[in-house]
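Below you'll find the structure, written out as structure tokens, and then a few comments.
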Amino acid sequence: MKHRLLIGLLLCAVFLQAQPPVGYYNNASQKKGYALRQALFNIVKSHTELSYSALWNAFRTTDVRPDNSKVWDIYSDNPTGQTSYYYIFGTNQCGNYGSEGDCYNREHSVPQSWFGEATPMKTDLFHIYPTDGFVNGKRNNFAFGEVGNASWTSTNGSKLGSCSTPGYNGTVFEPIDAYKGDLARSYFYMAVCYMDKNLNQDNYSMFSGGSLKPWALNMLIRWHNEDPVSQKEIDRNNAIFDLQHNRNPFIDFPELVGKIWGSDSVNAFYPNGIAEISIAEKWHVYPVPATDRVTIVAPMAIEEPVMVQIISLTGQVLWSEEGNLQNSLTLALPDIPSGIYLLQIIGSDFICNKKMVKRK
């Protein structure tokens with residue numbers, strides 16, 4: 001589409017990446033910098049804590065390859081070449097290993113030693129990935145970084161060696177470029193969800209308390225910018241939401257990194273793409289109340305088909321239909337009880353939510 005609508009709560013929301021539930025980020029609206037980080041902390045900190053053993057089964061939905069049968073291992077996957085081996089869920093679960101390709105286990109991208117193996121960090125899927133056991137062992141509890149001279153390299157190009165990243169000396173582990181952004185956003189999530197914890201209980205930690213150390217923050221921001229959010233991350237974010245009932249804000253809204261830690265921190269965050277609430281007033285839904293039909297009038301011509309949904313106040317989608325809106329669209333309503341509903345119009349780069357009153 002050639003337009004972009006900037007509206008507010010229960011009005012119109014611009015698509016970004018993943019699609020969080022309506023209103024999920026409302027309490028972070030119009031905040032910036034530290035206040036924004038604090039608001040996001042309050043949103044994501046309370047979540048369902050899984051057991052450590054439950055992670056194995058969780059991986060079947062959070063980290064499954066597109067063929068729906070194999071483990072998506074970021075330490076063996078090679079998006080630009082030949083992947084040397086694949087794992088089958090359950091069948092190749094570690095156990096013991098002696099070399100790369102033996103089995104997969106549970107990799108804490110923020111190592112357990114950094115937070116004293118405490119819960120809920122120990123089982124938070126947003127920083128735990130299924131990875132080759134041998135490569136995971138090589139990574140150990142070393143910081144992520146950029147390797148100057150590699151002492152060891154995995155089959156997909158992940159490296160262990162001396163750090164070349166400014167601000168840190170010592171041994172680091174460097175994942176391949178395709179997953180640097182994924183891991184950076186995992187770390188930003190940890191720096192928000194556990195900003196009240198001590199993640200610096202190990203000499204290799206990239207954290208100071210619950211905040212990222214400057215050298216780590218600078219590198220991870222660069223990784224975040226160079227490796228944008230992928231469909232894999234969007235799917236993983238949604239799958240984890242089904243299990244933990246919280247989300248990674250930096251997958252839903254990649255610009256949050258700049259609004260908390262970067263140059264964009266002078267500008268407020270609008271989770272619904274808000275800038276001009278008055279624009280919403282140009283969208284109309286009538287008649288009020290509606291009986292058997294409803295007409296939607298847009299403020300400008302919309303050239304592509306839209307999906308229209310009726311959603312209950314409890315969030316249940318009761319009905320949906322696709323149509324060509326142009327400037328207006330009239331639809332026959334389904335047989336639903338009288339009441340107040342959310343009428344949601346979904347385009348390729350926006351969602352518009354309007355109140356609809358239905359009467360028999």
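Quick note on naming: the chains in the structure tokens go A, B, ... in the order shown, residues restart at 1 in each chain, and ligands are numbered from 1 in order of appearance.
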Members of range 52-229 of chain A assigned strand (DSSP E) by DSSP, as a ChimeraX atom specification: /A:104-108,128-132,143-144,147-153,159-163,171-174,207-208,211-212
With C-alpha atoms retained, could you export that selection as a short mmCIF file (atom, residue, chain, number, x, y, z; two decimals), in the first residue's frame?
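Produced file part.cif, reproduced below:
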data_model
loop_
_atom_site.label_atom_id
_atom_site.label_comp_id
_atom_site.auth_asym_id
_atom_site.auth_seq_id
_atom_site.Cartn_x
_atom_site.Cartn_y
_atom_site.Cartn_z
CA TYR A 104 21.63 -31.26 20.94
CA ASN A 105 21.13 -29.72 24.37
CA ARG A 106 19.87 -26.55 26.08
CA GLU A 107 22.12 -23.55 25.44
CA HIS A 108 21.72 -20.60 27.81
CA ILE A 128 17.62 -20.52 25.73
CA TYR A 129 18.13 -22.29 22.42
CA PRO A 130 18.60 -25.93 21.35
CA THR A 131 22.19 -26.23 20.12
CA ASP A 132 24.81 -28.84 19.42
CA ALA A 143 31.05 -13.83 26.52
CA PHE A 144 29.83 -13.32 23.00
CA VAL A 147 36.99 -13.12 17.31
CA GLY A 148 40.35 -11.87 16.11
CA ASN A 149 42.35 -15.10 16.13
CA ALA A 150 40.20 -18.24 16.27
CA SER A 151 41.39 -21.20 18.35
CA TRP A 152 38.43 -23.32 17.17
CA THR A 153 35.73 -23.05 14.48
CA LYS A 159 34.23 -19.31 16.38
CA LEU A 160 36.03 -19.35 19.71
CA GLY A 161 39.10 -17.20 20.18
CA SER A 162 40.64 -13.93 21.30
CA CYS A 163 38.36 -10.90 21.32
CA THR A 171 38.34 -15.32 25.00
CA VAL A 172 34.94 -14.87 23.34
CA PHE A 173 32.52 -16.92 21.26
CA GLU A 174 31.29 -15.47 17.96
CA PHE A 207 26.27 -7.50 32.37
CA SER A 208 26.79 -5.18 35.30
CA SER A 211 22.40 -3.79 32.71
CA LEU A 212 24.65 -4.49 29.76
#
Go through range 84-133 of chain A residue by residue and, counting only C-alpha atoms, keep those with an atom at most 9 Å from range 222-246 of chain A; for each kept residue give the shortest atom pair and its distance in Å to one decimal, ordered by chain and increasing number, as CSV.
residue,atom,partner,partner_atom,distance
A:Asp124,CA,A:Gln244,CA,8.1
A:Leu125,CA,A:Ile240,CA,6.8
A:Phe126,CA,A:Ile240,CA,7.4
May I have the residues from that selection written out with N, CA and C atoms, as a PDB file, in the first residue's frame?
ATOM      1  N   ASP A 124      13.972 -19.430  31.137  1.00  0.00           N
ATOM      2  CA  ASP A 124      13.329 -18.446  30.269  1.00  0.00           C
ATOM      3  C   ASP A 124      13.724 -18.702  28.820  1.00  0.00           C
ATOM      4  N   LEU A 125      12.762 -19.123  28.024  1.00  0.00           N
ATOM      5  CA  LEU A 125      13.023 -19.529  26.638  1.00  0.00           C
ATOM      6  C   LEU A 125      13.563 -18.415  25.764  1.00  0.00           C
ATOM      7  N   PHE A 126      13.353 -17.174  26.152  1.00  0.00           N
ATOM      8  CA  PHE A 126      13.799 -16.087  25.283  1.00  0.00           C
ATOM      9  C   PHE A 126      15.316 -16.010  25.169  1.00  0.00           C
TER      10      PHE A 126
END
Point-to-point distance from CA of Lys360 in chain A to CA of Pro305 in chain A, Å rounded to tenths: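 It comes out at 28.4 Å.
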Selected residue, from A:Ser109, A:Asn136, A:Asn353, A:Gln93, that lies nearest to Gly23 in chain A when counting only C-alpha atoms: A:Asn353
One-decimal distance in Å that lies between CA of Tyr341 in chain A and CA of Leu325 in chain A: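 Separating CA of Leu325 in chain A from CA of Tyr341 in chain A is a distance of 20.0 Å.
Distance check against Met195 in chain A using only C-alpha atoms: of A:Gly33, A:Gly323, A:Gly209, A:Gly170, the minimum falls on A:Gly209.
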Residue neighbourhood Val357 in chain A, 7 Å, only C-alpha atoms, exclusion window fewer than 2 positions, as JSON, numbers by chain: {"A": [288, 289, 290, 339, 340, 341, 355, 359]}
For the selection you just gave me, I'd like the residues written to a file as a JSON list (two decimals), in the first residue's frame, keeping C-alpha atoms.
[["chain", "number", "residue", "atom", "x", "y", "z"],
["A", 288, "VAL", "CA", -24.77, 2.91, 15.15],
["A", 289, "PRO", "CA", -26.10, 0.57, 16.28],
["A", 290, "ALA", "CA", -25.70, -1.84, 13.37],
["A", 339, "GLY", "CA", -23.45, -5.92, 22.34],
["A", 340, "ILE", "CA", -20.24, -3.92, 21.88],
["A", 341, "TYR", "CA", -17.50, -5.40, 19.70],
["A", 355, "LYS", "CA", -15.85, 0.14, 18.22],
["A", 359, "ARG", "CA", -28.23, -4.86, 17.94]]
